[in-house]
Amino acid sequence: MYLTMDEIKQKYDGEWVFMINCTEGKNHRTVGGEVVLHSERRDKVIREMEQYKNEISRTYITYIGEIPEGVSVIL
């Protein structure tokens with residue numbers, strides 16, 4: 001089911017999410033998509049993303065919420 005980023009932020013706060021069939025708005029920012037994987041554990045989402053490697057759509061992975069203390073992020 002397609003959700004906007006606002007809906008995703010409300011539903012998956014504190015989790016990593018992987019989305020397919022994403023749409024983008026101004027400045028090429030993702031504005032929504034279908035959440036197919038989510039977990040508090042990034043490694044679990046990364047591992048399970050393998051099943052979508054042949055997906056022909058725009059995909060996106062992100063952390064929803066504030067980055068926890070002690071976690072480093074590379075952009």
# chains A, B, ... in the order shown; residues from 1 in each chain; ligands from 1
call {"tool": "select_by_dssp", "arguments": {"residues": "range 15-75 of chain A", "states": "helix (DSSP H, G or I)", "output": "MDAnalysis selection string"}}
result
chainID A and resid 26:28 42:52
call {"tool": "residues_around", "arguments": {"residues": "Ser39 in chain A", "least_positions_apart": "5", "cutoff": "10 Å", "atoms": "only C-alpha atoms", "output": "PyMOL selection string"}}
result
chain A and resi 12+14-18+44-46+63
call {"tool": "residues_around", "arguments": {"residues": "range 52-57 of chain A", "least_positions_apart": "5", "cutoff": "12 Å", "atoms": "only C-alpha atoms", "output": "list of chain:residue names"}}
result
A:Phe18, A:Met19, A:Ile20, A:Asn21, A:Cys22, A:Thr23, A:Gly33, A:Glu34, A:Val36, A:Leu37, A:Val45, A:Ile46, A:Arg47
call {"tool": "select_by_dssp", "arguments": {"residues": "chain A", "states": "strand (DSSP E or B)", "output": "list in words"}}
result
Tyr2, Leu3, Thr4, Trp16, Val17, Phe18, Met19, Ile20, Asn21, Cys22, Thr23, Glu24, Thr30, Val31, Gly32, Gly33, Glu34, Val35, Val36, Leu37, His38, Ser39, Tyr60, Ile61, Thr62 and Tyr63 of chain A
call {"tool": "write_last_selection", "arguments": {"atoms": "N, CA and C atoms", "output": "short mmCIF file (atom, residue, chain, number, x, y, z; two decimals), in the first residue's frame"}}
result
data_model
loop_
_atom_site.label_atom_id
_atom_site.label_comp_id
_atom_site.auth_asym_id
_atom_site.auth_seq_id
_atom_site.Cartn_x
_atom_site.Cartn_y
_atom_site.Cartn_z
N TYR A 2 0.60 2.19 -0.87
CA TYR A 2 1.36 3.44 -0.96
C TYR A 2 1.07 4.31 0.25
N LEU A 3 2.14 4.85 0.85
CA LEU A 3 2.03 5.78 1.97
C LEU A 3 2.87 7.01 1.68
N THR A 4 2.43 8.15 2.17
CA THR A 4 3.25 9.36 2.06
C THR A 4 4.34 9.30 3.13
N TRP A 16 14.13 1.36 10.65
CA TRP A 16 14.64 1.43 9.30
C TRP A 16 13.54 0.94 8.38
N VAL A 17 13.33 1.64 7.27
CA VAL A 17 12.33 1.21 6.31
C VAL A 17 12.94 1.11 4.91
N PHE A 18 12.48 0.12 4.16
CA PHE A 18 12.86 -0.04 2.77
C PHE A 18 11.58 0.03 1.95
N MET A 19 11.58 0.91 0.95
CA MET A 19 10.37 1.16 0.16
C MET A 19 10.64 0.88 -1.31
N ILE A 20 9.58 0.47 -2.01
CA ILE A 20 9.62 0.32 -3.46
C ILE A 20 8.55 1.21 -4.07
N ASN A 21 8.58 1.35 -5.38
CA ASN A 21 7.60 2.17 -6.10
C ASN A 21 7.49 3.58 -5.51
N CYS A 22 8.64 4.15 -5.24
CA CYS A 22 8.70 5.48 -4.63
C CYS A 22 8.42 6.57 -5.65
N THR A 23 7.89 7.66 -5.16
CA THR A 23 7.71 8.86 -5.98
C THR A 23 8.53 9.97 -5.37
N GLU A 24 8.91 10.90 -6.22
CA GLU A 24 9.70 12.02 -5.72
C GLU A 24 9.03 13.33 -6.04
N THR A 30 12.20 11.98 -1.88
CA THR A 30 11.17 10.94 -1.86
C THR A 30 9.97 11.45 -1.07
N VAL A 31 8.78 11.36 -1.67
CA VAL A 31 7.57 11.84 -0.99
C VAL A 31 6.65 10.70 -0.57
N GLY A 32 6.96 9.46 -0.99
CA GLY A 32 6.14 8.33 -0.59
C GLY A 32 6.54 7.08 -1.33
N GLY A 33 5.93 5.97 -0.94
CA GLY A 33 6.19 4.69 -1.57
C GLY A 33 5.53 3.57 -0.79
N GLU A 34 5.83 2.35 -1.18
CA GLU A 34 5.29 1.16 -0.51
C GLU A 34 6.35 0.60 0.43
N VAL A 35 6.08 0.61 1.72
CA VAL A 35 7.01 0.04 2.69
C VAL A 35 6.89 -1.48 2.62
N VAL A 36 7.98 -2.13 2.23
CA VAL A 36 7.95 -3.59 2.13
C VAL A 36 8.78 -4.26 3.22
N LEU A 37 9.70 -3.51 3.84
CA LEU A 37 10.49 -4.03 4.95
C LEU A 37 10.65 -2.93 6.00
N HIS A 38 10.61 -3.32 7.25
CA HIS A 38 10.88 -2.36 8.33
C HIS A 38 11.32 -3.12 9.57
N SER A 39 12.23 -2.51 10.31
CA SER A 39 12.74 -3.12 11.52
C SER A 39 13.54 -2.08 12.30
N TYR A 60 14.09 2.96 -1.94
CA TYR A 60 14.62 3.92 -0.97
C TYR A 60 14.72 3.23 0.38
N ILE A 61 15.85 3.45 1.07
CA ILE A 61 15.99 2.96 2.44
C ILE A 61 16.37 4.15 3.31
N THR A 62 15.76 4.22 4.49
CA THR A 62 16.03 5.34 5.39
C THR A 62 15.69 4.95 6.82
N TYR A 63 16.22 5.71 7.74
CA TYR A 63 15.86 5.58 9.15
C TYR A 63 14.81 6.64 9.44
#
call {"tool": "atom_distance", "arguments": {"atom1": "CA of Ile8 in chain A", "atom2": "CA of Asp43 in chain A"}}
result
19.7 Å
call {"tool": "closest_residue", "arguments": {"among": "A:Arg58, A:Gly65, A:Gln10, A:Ile74", "to": "His28 in chain A", "atoms": "only C-alpha atoms"}}
result
A:Arg58
call {"tool": "atom_distance", "arguments": {"atom1": "CA of Gly25 in chain A", "atom2": "CA of Met49 in chain A"}}
result
24.1 Å
call {"tool": "decode", "arguments": {"residues": "range 41-63 of chain A", "atoms": "C-alpha atoms", "output": "PDB file, in the first residue's frame"}}
result
ATOM      1  CA  ARG A  41      17.593  -3.408  13.181  1.00  0.00           C
ATOM      2  CA  ARG A  42      19.292  -2.058  10.068  1.00  0.00           C
ATOM      3  CA  ASP A  43      21.109  -5.338   9.403  1.00  0.00           C
ATOM      4  CA  LYS A  44      17.801  -7.214   9.191  1.00  0.00           C
ATOM      5  CA  VAL A  45      16.427  -4.796   6.590  1.00  0.00           C
ATOM      6  CA  ILE A  46      19.676  -4.881   4.587  1.00  0.00           C
ATOM      7  CA  ARG A  47      19.707  -8.699   4.618  1.00  0.00           C
ATOM      8  CA  GLU A  48      16.080  -8.992   3.504  1.00  0.00           C
ATOM      9  CA  MET A  49      16.481  -6.372   0.725  1.00  0.00           C
ATOM     10  CA  GLU A  50      18.117  -9.121  -1.363  1.00  0.00           C
ATOM     11  CA  GLN A  51      14.683 -10.397  -2.393  1.00  0.00           C
ATOM     12  CA  TYR A  52      14.024  -7.067  -4.158  1.00  0.00           C
ATOM     13  CA  LYS A  53      17.283  -6.906  -6.134  1.00  0.00           C
ATOM     14  CA  ASN A  54      15.442  -7.332  -9.454  1.00  0.00           C
ATOM     15  CA  GLU A  55      12.679  -4.854  -8.610  1.00  0.00           C
ATOM     16  CA  ILE A  56      12.148  -2.442 -11.479  1.00  0.00           C
ATOM     17  CA  SER A  57      11.102   0.620  -9.545  1.00  0.00           C
ATOM     18  CA  ARG A  58      12.572   3.467  -7.555  1.00  0.00           C
ATOM     19  CA  THR A  59      13.621   2.133  -4.151  1.00  0.00           C
ATOM     20  CA  TYR A  60      14.620   3.919  -0.968  1.00  0.00           C
ATOM     21  CA  ILE A  61      15.990   2.959   2.439  1.00  0.00           C
ATOM     22  CA  THR A  62      16.033   5.335   5.389  1.00  0.00           C
ATOM     23  CA  TYR A  63      15.856   5.584   9.154  1.00  0.00           C
TER      24      TYR A  63
END
